[in-house]
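Peer 1: Next comes the structure file work27.txt, holding compact mmCIF, C-alpha atoms.
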```
# COMPACT_ATOMS: atom_id res chain seq x y z
CA MET A 1 132.08 -106.83 -37.37
CA THR A 2 129.59 -107.53 -34.66
CA SER A 3 126.73 -106.01 -36.62
CA THR A 4 127.74 -107.86 -39.79
CA LEU A 5 127.91 -111.17 -37.96
CA GLY A 6 124.57 -110.53 -36.33
CA THR A 7 122.98 -109.71 -39.67
CA THR A 8 124.37 -112.89 -41.19
CA MET A 9 123.01 -115.06 -38.41
CA ASN A 10 119.65 -113.34 -38.56
CA LEU A 11 119.45 -114.07 -42.28
CA ALA A 12 120.35 -117.71 -41.66
CA ASN A 13 117.62 -118.03 -39.04
CA LYS A 14 115.08 -116.41 -41.33
CA VAL A 15 115.98 -118.81 -44.15
CA LEU A 16 115.64 -121.83 -41.88
CA ILE A 17 112.26 -120.59 -40.62
CA ALA A 18 111.15 -119.94 -44.20
CA LEU A 19 112.27 -123.45 -45.14
CA ALA A 20 110.17 -125.00 -42.38
CA LEU A 21 107.14 -122.85 -43.21
CA GLY A 22 107.51 -123.57 -46.92
CA ILE A 23 107.64 -127.32 -46.31
CA GLY A 24 104.59 -127.06 -44.07
CA ALA A 25 102.61 -125.02 -46.58
CA GLY A 26 103.56 -127.34 -49.42
CA ILE A 27 102.58 -130.45 -47.46
CA VAL A 28 99.19 -128.95 -46.60
CA ILE A 29 98.54 -128.06 -50.24
CA ASN A 30 99.69 -131.46 -51.49
CA LEU A 31 97.97 -133.71 -48.93
CA THR A 32 94.67 -131.84 -49.01
CA GLY A 33 94.65 -131.91 -52.81
CA ALA A 34 94.37 -128.12 -52.89
CA ASN A 35 96.80 -127.99 -55.80
CA ALA A 36 94.05 -129.59 -57.90
CA VAL A 37 91.81 -126.60 -57.21
CA PRO A 38 92.14 -124.32 -60.27
CA TRP A 39 92.54 -121.02 -58.44
CA VAL A 40 95.08 -122.45 -55.97
CA ASP A 41 97.14 -123.92 -58.79
CA THR A 42 96.86 -120.86 -61.03
CA TYR A 43 97.13 -117.98 -58.60
CA LEU A 44 99.08 -119.44 -55.68
CA VAL A 45 101.33 -122.38 -56.65
CA ASN A 46 102.03 -121.29 -60.23
CA GLY A 47 101.24 -117.66 -59.50
CA VAL A 48 102.62 -116.07 -56.35
CA PHE A 49 105.07 -118.86 -55.54
CA LEU A 50 106.39 -119.14 -59.10
CA VAL A 51 106.67 -115.39 -59.71
CA ALA A 52 108.45 -114.71 -56.42
CA GLY A 53 110.96 -117.47 -57.08
CA LYS A 54 111.62 -116.33 -60.64
CA LEU A 55 112.16 -112.73 -59.57
CA PHE A 56 114.70 -113.85 -56.99
CA PHE A 57 116.69 -115.96 -59.43
CA ASN A 58 116.47 -113.35 -62.16
CA ALA A 59 118.11 -110.97 -59.70
CA LEU A 60 120.84 -113.51 -58.96
CA GLN A 61 121.47 -114.10 -62.65
CA MET A 62 121.58 -110.35 -63.23
CA LEU A 63 124.53 -110.06 -60.83
CA VAL A 64 126.60 -113.07 -61.92
CA VAL A 65 128.51 -111.42 -64.78
CA PRO A 66 129.35 -108.13 -63.01
CA LEU A 67 130.21 -110.07 -59.84
CA VAL A 68 132.79 -112.16 -61.68
CA LEU A 69 134.25 -109.23 -63.60
CA PHE A 70 134.49 -106.73 -60.77
CA SER A 71 135.75 -109.18 -58.14
CA LEU A 72 138.23 -111.11 -60.29
CA ILE A 73 139.93 -108.16 -62.00
CA PRO A 74 140.93 -106.34 -58.77
CA GLY A 75 141.85 -109.73 -57.29
CA ILE A 76 144.42 -110.24 -60.07
CA VAL A 77 145.69 -106.69 -59.68
CA GLY A 78 145.91 -107.11 -55.91
CA ILE A 79 148.45 -109.93 -56.27
CA GLY A 80 151.05 -107.31 -57.19
CA ASP A 81 153.86 -107.56 -59.71
CA ILE A 82 153.44 -110.95 -61.37
CA ARG A 83 157.19 -111.15 -62.01
CA LEU A 84 157.84 -110.88 -58.28
CA LEU A 85 155.41 -113.56 -57.20
CA GLY A 86 158.06 -116.22 -57.81
CA LYS A 87 157.84 -119.73 -56.48
CA VAL A 88 155.51 -118.88 -53.60
CA GLY A 89 152.83 -117.51 -55.91
CA THR A 90 153.20 -120.31 -58.43
CA LYS A 91 153.07 -123.05 -55.81
CA SER A 92 150.12 -121.47 -54.00
CA PHE A 93 148.09 -121.02 -57.16
CA ALA A 94 148.83 -124.55 -58.42
CA LEU A 95 147.94 -126.13 -55.08
CA TYR A 96 144.73 -124.12 -54.64
CA VAL A 97 143.54 -124.96 -58.14
CA ALA A 98 144.50 -128.64 -57.76
CA THR A 99 142.76 -129.07 -54.39
CA THR A 100 139.62 -127.35 -55.72
CA ALA A 101 139.59 -129.70 -58.71
CA ILE A 102 140.04 -132.69 -56.39
CA ALA A 103 137.24 -131.41 -54.17
CA ILE A 104 134.63 -131.05 -56.89
CA THR A 105 135.68 -134.37 -58.43
CA LEU A 106 135.11 -135.99 -55.03
CA GLY A 107 131.68 -134.36 -54.77
CA ILE A 108 130.67 -135.45 -58.28
CA THR A 109 131.96 -139.00 -57.78
CA LEU A 110 130.22 -139.48 -54.45
CA ALA A 111 126.94 -137.98 -55.69
CA SER A 112 127.02 -140.12 -58.84
CA ALA A 113 127.83 -143.28 -56.91
CA LEU A 114 124.97 -142.73 -54.45
CA GLY A 115 122.58 -141.74 -57.24
CA ILE A 116 121.01 -138.91 -55.23
CA GLY A 117 117.92 -137.41 -56.87
CA GLN A 118 117.19 -140.41 -59.07
CA GLY A 119 113.66 -141.73 -59.33
CA MET A 120 111.89 -138.49 -58.45
CA GLU A 121 109.34 -137.32 -60.97
CA ILE A 122 109.43 -133.60 -61.63
CA PRO A 123 107.21 -131.85 -64.12
CA ALA A 124 109.45 -130.57 -66.93
CA GLY A 125 107.60 -127.33 -67.53
CA ASP A 126 108.56 -124.51 -69.85
CA ASP A 127 111.65 -123.65 -67.84
CA PHE A 128 113.31 -126.92 -68.74
CA ALA A 129 112.14 -127.52 -72.29
CA GLY A 130 114.77 -126.96 -74.92
CA LYS A 131 117.81 -126.73 -72.67
CA GLU A 132 121.03 -126.91 -74.64
CA ALA A 133 122.93 -130.16 -74.35
CA ALA A 134 126.29 -130.09 -72.63
CA ARG A 135 129.21 -129.42 -74.97
CA ASN A 136 131.98 -131.91 -75.50
CA PHE A 137 135.47 -131.42 -74.10
CA VAL A 138 136.95 -129.87 -77.25
CA GLU A 139 134.12 -127.34 -77.48
CA VAL A 140 134.57 -126.47 -73.81
CA ILE A 141 138.28 -125.73 -74.32
CA ILE A 142 137.71 -123.70 -77.49
CA GLY A 143 134.88 -121.77 -75.86
CA ILE A 144 137.13 -120.51 -73.07
CA VAL A 145 138.45 -117.81 -75.41
CA PRO A 146 135.47 -115.71 -76.56
CA LYS A 147 135.10 -114.55 -80.16
CA ASN A 148 132.83 -111.78 -78.97
CA LEU A 149 132.87 -110.63 -75.34
CA ILE A 150 129.49 -108.88 -75.54
CA SER A 151 127.90 -112.03 -76.96
CA ALA A 152 129.54 -114.14 -74.25
CA MET A 153 128.19 -111.83 -71.55
CA ALA A 154 124.70 -111.82 -73.07
CA ASN A 155 124.65 -115.62 -73.30
CA GLY A 156 126.15 -116.14 -69.86
CA GLU A 157 129.23 -117.99 -71.17
CA MET A 158 131.05 -117.72 -67.88
CA LEU A 159 134.24 -119.56 -68.80
CA ALA A 160 134.81 -117.00 -71.53
CA ILE A 161 133.97 -114.14 -69.17
CA ILE A 162 136.37 -115.44 -66.52
CA PHE A 163 139.13 -115.77 -69.14
CA PHE A 164 138.60 -112.17 -70.22
CA ALA A 165 138.62 -110.98 -66.60
CA ILE A 166 141.94 -112.74 -65.92
CA PHE A 167 143.42 -111.49 -69.19
CA PHE A 168 142.24 -107.95 -68.50
CA GLY A 169 143.52 -108.08 -64.92
CA ILE A 170 147.00 -109.15 -66.04
CA ALA A 171 147.12 -106.39 -68.66
CA LEU A 172 145.94 -103.87 -66.07
CA LEU A 173 148.62 -105.08 -63.66
CA ILE A 174 151.31 -104.53 -66.30
CA LYS A 175 150.10 -100.96 -66.86
CA LEU A 176 149.29 -100.37 -63.21
CA GLU A 177 151.10 -97.04 -62.83
CA GLN A 178 149.12 -95.53 -65.70
CA SER A 179 145.83 -97.11 -64.62
CA ARG A 180 145.46 -96.34 -60.91
CA GLU A 181 142.19 -94.47 -61.38
CA LEU A 182 140.71 -97.35 -63.39
CA VAL A 183 141.72 -99.85 -60.69
CA ASN A 184 140.09 -97.68 -58.03
CA LEU A 185 136.93 -97.43 -60.12
CA ILE A 186 136.73 -101.21 -60.57
CA GLU A 187 137.24 -101.75 -56.84
CA GLN A 188 134.42 -99.29 -56.10
CA LEU A 189 132.19 -101.10 -58.58
CA ASN A 190 133.07 -104.38 -56.85
CA ARG A 191 131.93 -102.97 -53.50
CA ILE A 192 128.68 -101.76 -55.05
CA ILE A 193 128.00 -105.14 -56.69
CA MET A 194 128.62 -106.89 -53.38
CA GLN A 195 126.15 -104.52 -51.74
CA MET A 196 123.62 -105.44 -54.42
CA VAL A 197 124.22 -109.12 -53.66
CA GLU A 198 123.48 -108.47 -50.00
CA MET A 199 120.30 -106.60 -50.98
CA VAL A 200 119.14 -109.48 -53.16
CA MET A 201 119.91 -112.00 -50.40
CA TRP A 202 117.65 -110.01 -48.10
CA PHE A 203 114.77 -111.49 -50.11
CA ALA A 204 116.15 -115.02 -49.80
CA PRO A 205 113.81 -116.11 -46.95
CA TYR A 206 110.73 -115.12 -48.96
CA ALA A 207 112.10 -116.81 -52.06
CA VAL A 208 112.88 -119.96 -50.06
CA PHE A 209 109.34 -120.08 -48.71
CA CYS A 210 107.78 -119.71 -52.16
CA LEU A 211 110.14 -122.06 -53.99
CA VAL A 212 110.06 -124.80 -51.36
CA ALA A 213 106.30 -124.50 -50.92
CA LYS A 214 105.82 -124.86 -54.69
CA ALA A 215 108.20 -127.83 -54.92
CA VAL A 216 106.60 -129.69 -52.00
CA ALA A 217 103.09 -128.86 -53.23
CA ASP A 218 103.97 -130.41 -56.60
CA LEU A 219 106.05 -133.34 -55.35
CA GLY A 220 104.83 -134.11 -51.84
CA LEU A 221 106.97 -135.57 -49.06
CA ASP A 222 109.20 -137.37 -51.55
CA ILE A 223 111.27 -134.24 -52.11
CA ILE A 224 112.05 -133.97 -48.40
CA LEU A 225 113.49 -137.48 -48.43
CA LYS A 226 115.53 -136.65 -51.53
CA LEU A 227 116.85 -133.49 -49.91
CA GLY A 228 117.97 -135.66 -47.01
CA GLY A 229 120.08 -137.62 -49.48
CA TYR A 230 121.53 -134.41 -50.90
CA PHE A 231 122.34 -133.03 -47.44
CA THR A 232 123.97 -136.29 -46.31
CA THR A 233 126.05 -136.54 -49.48
CA VAL A 234 127.32 -132.96 -49.25
CA MET A 235 128.23 -133.32 -45.58
CA LEU A 236 129.94 -136.67 -46.18
CA ALA A 237 131.99 -135.24 -49.06
CA LEU A 238 132.98 -132.21 -46.98
CA ILE A 239 134.07 -134.37 -44.03
CA VAL A 240 136.05 -136.77 -46.24
CA HIS A 241 137.80 -133.91 -48.02
CA ALA A 242 138.68 -132.03 -44.82
CA PHE A 243 139.84 -134.95 -42.70
CA VAL A 244 141.11 -137.41 -45.30
CA THR A 245 142.00 -135.81 -48.65
CA GLN A 246 143.46 -132.54 -47.35
CA MET A 247 145.29 -134.26 -44.51
CA LEU A 248 146.84 -136.84 -46.85
CA ILE A 249 147.98 -134.04 -49.16
CA MET A 250 149.50 -132.16 -46.23
CA LYS A 251 151.22 -135.29 -44.95
CA ALA A 252 152.55 -136.26 -48.38
CA PHE A 253 154.12 -132.85 -49.04
CA THR A 254 155.38 -131.99 -45.54
CA GLY A 255 155.63 -135.16 -43.45
CA LEU A 256 154.18 -133.22 -40.50
CA SER A 257 151.83 -134.72 -37.92
CA ILE A 258 148.18 -134.76 -38.96
CA LYS A 259 147.13 -134.90 -35.31
CA THR A 260 149.11 -131.77 -34.46
CA PHE A 261 147.80 -129.96 -37.52
CA LEU A 262 144.16 -130.70 -36.68
CA SER A 263 144.55 -129.78 -33.03
CA LYS A 264 146.06 -126.39 -33.90
CA ILE A 265 143.67 -125.54 -36.73
CA ARG A 266 140.55 -126.27 -34.66
CA ALA A 267 140.03 -122.66 -33.52
CA VAL A 268 140.19 -121.45 -37.13
CA GLN A 269 137.65 -124.05 -38.20
CA ILE A 270 135.27 -123.09 -35.39
CA PHE A 271 135.49 -119.39 -36.23
CA ALA A 272 134.91 -120.10 -39.93
CA PHE A 273 131.98 -122.35 -39.06
CA SER A 274 130.36 -119.62 -36.96
CA THR A 275 130.86 -116.79 -39.46
CA SER A 276 130.35 -118.69 -42.74
CA SER A 277 132.98 -116.38 -44.24
CA SER A 278 136.53 -117.20 -45.30
CA GLY A 279 137.18 -113.47 -45.54
CA ALA A 280 136.12 -112.78 -41.96
CA THR A 281 138.34 -115.63 -40.78
CA ILE A 282 141.53 -114.27 -42.37
CA PRO A 283 142.81 -112.57 -39.17
CA VAL A 284 142.32 -115.75 -37.13
CA THR A 285 143.97 -117.89 -39.81
CA LEU A 286 146.93 -115.52 -40.07
CA ARG A 287 147.54 -115.49 -36.34
CA THR A 288 147.30 -119.29 -36.15
CA MET A 289 149.68 -119.80 -39.08
CA GLN A 290 152.26 -117.39 -37.69
CA GLU A 291 152.09 -117.99 -33.94
CA ARG A 292 150.93 -121.59 -33.63
CA PHE A 293 152.42 -123.10 -36.80
CA GLY A 294 155.61 -121.01 -36.84
CA ILE A 295 155.15 -119.91 -40.45
CA ASP A 296 156.99 -116.81 -41.64
CA ARG A 297 154.79 -113.77 -42.25
CA ALA A 298 156.29 -113.29 -45.70
CA VAL A 299 154.55 -116.52 -46.75
CA SER A 300 151.37 -116.51 -44.68
CA SER A 301 150.51 -112.87 -45.42
CA PHE A 302 150.32 -113.82 -49.10
CA THR A 303 148.95 -117.37 -49.11
CA VAL A 304 146.14 -116.89 -46.57
CA PRO A 305 144.39 -113.87 -48.20
CA PHE A 306 145.11 -115.41 -51.61
CA GLY A 307 143.47 -118.65 -50.48
CA ALA A 308 140.44 -116.82 -49.09
CA THR A 309 140.04 -115.33 -52.57
CA ILE A 310 140.50 -118.34 -54.84
CA ASN A 311 140.37 -121.47 -52.66
CA MET A 312 136.78 -122.66 -52.39
CA ASP A 313 137.07 -126.43 -51.85
CA GLY A 314 133.89 -126.65 -49.80
CA THR A 315 131.92 -124.53 -52.25
CA ALA A 316 133.21 -126.63 -55.16
CA ILE A 317 132.02 -129.81 -53.42
CA MET A 318 128.56 -128.31 -52.95
CA GLN A 319 128.44 -127.26 -56.60
CA GLY A 320 129.44 -130.72 -57.79
CA VAL A 321 126.93 -132.55 -55.60
CA ALA A 322 124.15 -130.06 -56.37
CA THR A 323 124.71 -130.35 -60.12
CA VAL A 324 124.53 -134.16 -60.09
CA PHE A 325 121.52 -134.05 -57.75
CA VAL A 326 119.54 -131.68 -59.97
CA ALA A 327 120.57 -133.52 -63.14
CA ASN A 328 119.28 -136.78 -61.66
CA LEU A 329 116.22 -134.98 -60.35
CA TYR A 330 115.29 -133.92 -63.87
CA GLY A 331 116.36 -137.19 -65.48
CA ILE A 332 119.24 -135.63 -67.42
CA GLU A 333 122.29 -137.73 -68.18
CA LEU A 334 125.51 -135.78 -67.87
CA THR A 335 128.11 -136.72 -70.47
CA LEU A 336 131.88 -136.80 -69.93
CA GLY A 337 131.98 -133.36 -71.53
CA GLY A 338 129.38 -132.24 -69.03
CA TYR A 339 131.41 -133.45 -66.07
CA VAL A 340 134.54 -131.78 -67.45
CA THR A 341 132.57 -128.57 -67.88
CA ILE A 342 131.40 -128.73 -64.26
CA VAL A 343 134.95 -129.21 -62.96
CA VAL A 344 136.50 -126.49 -65.13
CA THR A 345 133.70 -124.02 -64.45
CA ALA A 346 133.73 -124.57 -60.69
CA VAL A 347 137.52 -124.30 -60.47
CA LEU A 348 137.60 -121.07 -62.48
CA ALA A 349 134.54 -119.73 -60.68
CA SER A 350 136.28 -120.21 -57.34
CA ILE A 351 138.75 -117.51 -58.41
CA GLY A 352 135.91 -115.04 -58.79
CA THR A 353 133.86 -116.10 -55.78
CA ALA A 354 133.86 -113.56 -52.97
CA ALA A 355 134.79 -114.87 -49.51
CA VAL A 356 131.43 -114.00 -47.93
CA PRO A 357 128.33 -116.06 -47.04
CA ALA A 358 125.84 -117.12 -49.73
CA VAL A 359 127.75 -115.90 -52.80
CA GLY A 360 128.48 -119.53 -53.69
CA LEU A 361 124.81 -119.85 -54.62
CA VAL A 362 125.20 -117.04 -57.12
CA MET A 363 128.11 -118.89 -58.69
CA LEU A 364 126.09 -122.12 -58.74
CA THR A 365 123.77 -120.49 -61.28
CA MET A 366 126.78 -120.21 -63.56
CA VAL A 367 127.61 -123.92 -63.23
CA PHE A 368 124.00 -124.88 -63.91
CA LYS A 369 123.85 -122.71 -67.00
CA GLN A 370 126.99 -124.26 -68.45
CA VAL A 371 125.50 -127.78 -68.41
CA GLY A 372 121.94 -126.80 -69.35
CA LEU A 373 120.20 -127.33 -66.00
CA PRO A 374 117.21 -125.22 -64.90
CA ILE A 375 118.47 -122.49 -62.60
CA GLU A 376 115.14 -122.41 -60.76
CA ALA A 377 116.02 -125.85 -59.33
CA ILE A 378 118.48 -124.12 -57.00
CA GLY A 379 115.41 -123.10 -55.01
CA ILE A 380 114.95 -126.74 -54.00
CA ILE A 381 118.29 -126.81 -52.19
CA LEU A 382 118.49 -123.16 -51.17
CA GLY A 383 116.69 -123.67 -47.88
CA ILE A 384 119.17 -126.17 -46.45
CA ASP A 385 122.18 -124.46 -48.00
CA ARG A 386 122.65 -122.31 -44.91
CA ILE A 387 123.05 -125.50 -42.87
CA VAL A 388 125.95 -126.78 -44.99
CA ASP A 389 127.38 -123.31 -45.69
CA MET A 390 129.06 -123.16 -42.30
CA THR A 391 130.67 -126.57 -42.77
CA ARG A 392 131.98 -125.86 -46.25
CA THR A 393 133.51 -122.57 -45.02
CA ALA A 394 135.41 -124.54 -42.38
CA VAL A 395 136.65 -126.82 -45.16
CA ASN A 396 137.74 -123.78 -47.19
CA VAL A 397 139.90 -122.33 -44.41
CA THR A 398 141.37 -125.75 -43.65
CA GLY A 399 142.50 -125.85 -47.27
CA ASP A 400 144.06 -122.39 -46.88
CA ALA A 401 146.03 -123.66 -43.89
CA VAL A 402 147.13 -126.83 -45.70
CA VAL A 403 148.48 -124.95 -48.72
CA THR A 404 150.16 -122.32 -46.52
CA THR A 405 151.88 -125.06 -44.53
CA ILE A 406 153.04 -126.90 -47.65
CA VAL A 407 154.44 -123.77 -49.31
CA ALA A 408 156.14 -122.53 -46.13
CA LYS A 409 157.70 -125.93 -45.42
CA SER A 410 158.99 -126.27 -48.99
CA GLU A 411 160.53 -122.78 -48.91
CA GLY A 412 162.14 -123.23 -45.49
CA LYS A 413 159.91 -120.52 -44.02
CA MET A 414 158.51 -122.58 -41.16
CA ASP A 415 159.75 -123.17 -37.61
CA ILE A 416 159.14 -126.89 -37.07
CA ASP A 417 159.79 -126.62 -33.32
CA THR A 418 156.99 -124.09 -33.00
CA PHE A 419 154.66 -126.36 -34.98
CA ASN A 420 155.48 -129.36 -32.78
CA ASP A 421 155.04 -127.36 -29.56
CA PRO A 422 151.39 -127.91 -28.49
CA ASN A 423 151.39 -124.71 -26.41
CA ALA A 424 153.02 -122.37 -28.93
CA GLY A 425 150.88 -119.28 -29.56
CA GLU A 426 147.92 -120.80 -27.75
CA VAL A 427 145.14 -118.42 -26.76
CA HIS A 428 142.06 -119.27 -24.74
CA GLU A 429 139.84 -116.43 -25.93
CA VAL A 430 139.51 -114.59 -29.23
CA HIS A 431 138.19 -111.06 -28.87
CA LEU A 432 136.59 -109.29 -31.77
CA GLU A 433 138.73 -106.21 -31.24
CA ASP A 434 141.81 -108.42 -31.74
CA MET A 435 140.54 -109.48 -35.14
CA ASN A 436 141.27 -106.02 -36.49
CA HIS A 437 144.92 -106.31 -35.46
CA PRO A 438 145.94 -109.94 -35.92
CA THR A 439 149.64 -109.27 -36.22
CA LYS A 440 152.08 -106.77 -34.82
CA SER A 441 155.25 -105.61 -36.49
```
How does this structure look as structure tokens?
Peer 2:
Amino acid sequence: MTSTLGTTMNLANKVLIALALGIGAGIVINLTGANAVPWVDTYLVNGVFLVAGKLFFNALQMLVVPLVLFSLIPGIVGIGDIRLLGKVGTKSFALYVATTAIAITLGITLASALGIGQGMEIPAGDDFAGKEAARNFVEVIIGIVPKNLISAMANGEMLAIIFFAIFFGIALLIKLEQSRELVNLIEQLNRIIMQMVEMVMWFAPYAVFCLVAKAVADLGLDIILKLGGYFTTVMLALIVHAFVTQMLIMKAFTGLSIKTFLSKIRAVQIFAFSTSSSGATIPVTLRTMQERFGIDRAVSSFTVPFGATINMDGTAIMQGVATVFVANLYGIELTLGGYVTIVVTAVLASIGTAAVPAVGLVMLTMVFKQVGLPIEAIGIILGIDRIVDMTRTAVNVTGDAVVTTIVAKSEGKMDIDTFNDPNAGEVHEVHLEDMNHPTKS
């Protein structure tokens, strides 16, 4: 774990350095008028910078479909016998989906109200010309079930692909005893795809430098100011969702003290913030739910890992804000059908999003494609994404804790005295070796 964490932080530092260097290079090119020099414009700005950025995003797009298929199918199978999930599974799933939908709606509403990205002139270019208009609500619903899976995969129709993955996973679960080898194969493919994602993300700093340098060279300092608006909006939405929306939901369903909840979940939030991974935070969340909140292991051992798999409130907020920002940036008016598509896509995508750093950006390409936005525009926000990634991960795990508390309280699987005791299960240090053994039987 130590080496993985170190690698993650090194990548984050490299991306931030690349962001700063890219801004600097772009400003120099823009202010000196070098972008008007034919060879600079042809071979550097629209040559090296453009090609490097396109290669990076082509690689991300290449992995989207297999990432969804090979992570979602074993996730469905891993739930176990669907008939035995009962009320706990149903409540958990409904709450996770509902809070994700609320989160992205909050992000879209706030971004639309603040009008981030409006007024900036961006050259349309070949990448944007001829983008398909967003489908209306009826077409979105009908398109969820694909007529032809191969065609849906080739065209990147991710709602249809996600539907097939869920359908396939349920069928595989029903025939699990006869399909063990197939399940193992899919899980191995999932690990390989995740390794490929990590390999692609190794190039992220270089892509950030090229994409940001090109954007600033074309647009000047104006883009930096606009990115400030994007950053502020995302952070504001994340804070409101974590400390207002989620807390009101928890209070409404359980009647428990918000102050006590926040004081006890703080260590989980800090660990999630530092690792940028809901998956890596699972052991800390489990221990906190069981020992500090007094929640029965029968509930927490299901809801916490399940939440780390499908609950991506923070990521959904980022996707909603980023979509509105880029749409405004390019002067594209999103229709009601477009907004519905964003919400549905992000909610379903959260089920297939791995609980590791940076994969949310891969899924953002899917959301952009569904509403006809240029995927290359992700490069504009990629540089500062690592800054907000830590915060949105903390929001994700807070949502896991909220749903776990609600489900446990409703099922009578929670010791209220333990929850109300400020010293219950308190630890002053968290050692990495303890993360591998969060509970003892």
Peer 1: So which residues are close to (142.1, -120.2, -33.6), meaning at most 7 Å away in the file's coordinates with all atoms listed in the file counted, and can you show them as an MDAnalysis selection string?
Peer 2: chainID A and resid 265:268 284:285 288
Peer 1: Could you pull the residues within 10 Å of A:Tyr96, counting all atoms listed in the file, minus those fewer than 3 positions along the same chain, as a list in words?
Peer 2: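 Answer for this query is Lys91, Ser92, Phe93, Thr99, Thr100, Ala101, Ile102, Thr303, Phe306, Gly307, Ile310, Asn311, Met312, Asp313, Val347, Ser350, Ile351, Gly399, Asp400, Val402, Val403 and Thr404 of chain A.
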Peer 1: Mind giving me the straight-line distance from atom CA of A:Gln246 to atom CA of A:Glu411 in Å, one decimal?
Peer 2: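 Distance reported for this atom pair: 19.7 Å.
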Peer 1: Provide the atom CA of A:Ala394 to atom CA of A:Ala272 distance in Å, to one decimal place.
Peer 2: 5.1 Å
Peer 1: Between A:Val77, A:Ile406, A:Val367, A:Val88, which one has atoms that come closest to A:Lys251, using all atoms listed in the file?
Peer 2: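 For A:Lys251, the nearest of the given residues is A:Ile406.
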Peer 1: Nearest residue to A:Met196 out of A:Val97, A:Met363, A:Leu67, A:Val407, using all atoms listed in the file?
Peer 2: A:Leu67
Peer 1: Taking all atoms listed in the file into account, which of A:Ile381, A:Met235, A:Val65, A:Leu50 comes nearest A:Leu110?
Peer 2: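 Closest to A:Leu110 of all the choices is A:Met235.
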Peer 1: Which distance in Å separates atom CA of A:Asn420 and atom CA of A:Ile258, to one decimal?
Peer 2: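 Those two atoms sit 11.0 Å apart.
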Peer 1: In terms of the shortest atom-to-atom distance over all atoms listed in the file, which of A:Phe261, A:Phe271, A:Phe70, A:Phe163 is closest to A:Ile186?
Peer 2: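 Smallest distance to A:Ile186 is found for A:Phe70.
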Peer 1: Show me, as a VMD selection string, the residues that have an atom within 8 Å of A:Pro422 when counting all atoms listed in the file, minus same-chain residues fewer than 2 positions from it.
Peer 2: chain A and resid 260 264 419 to 420 424 426
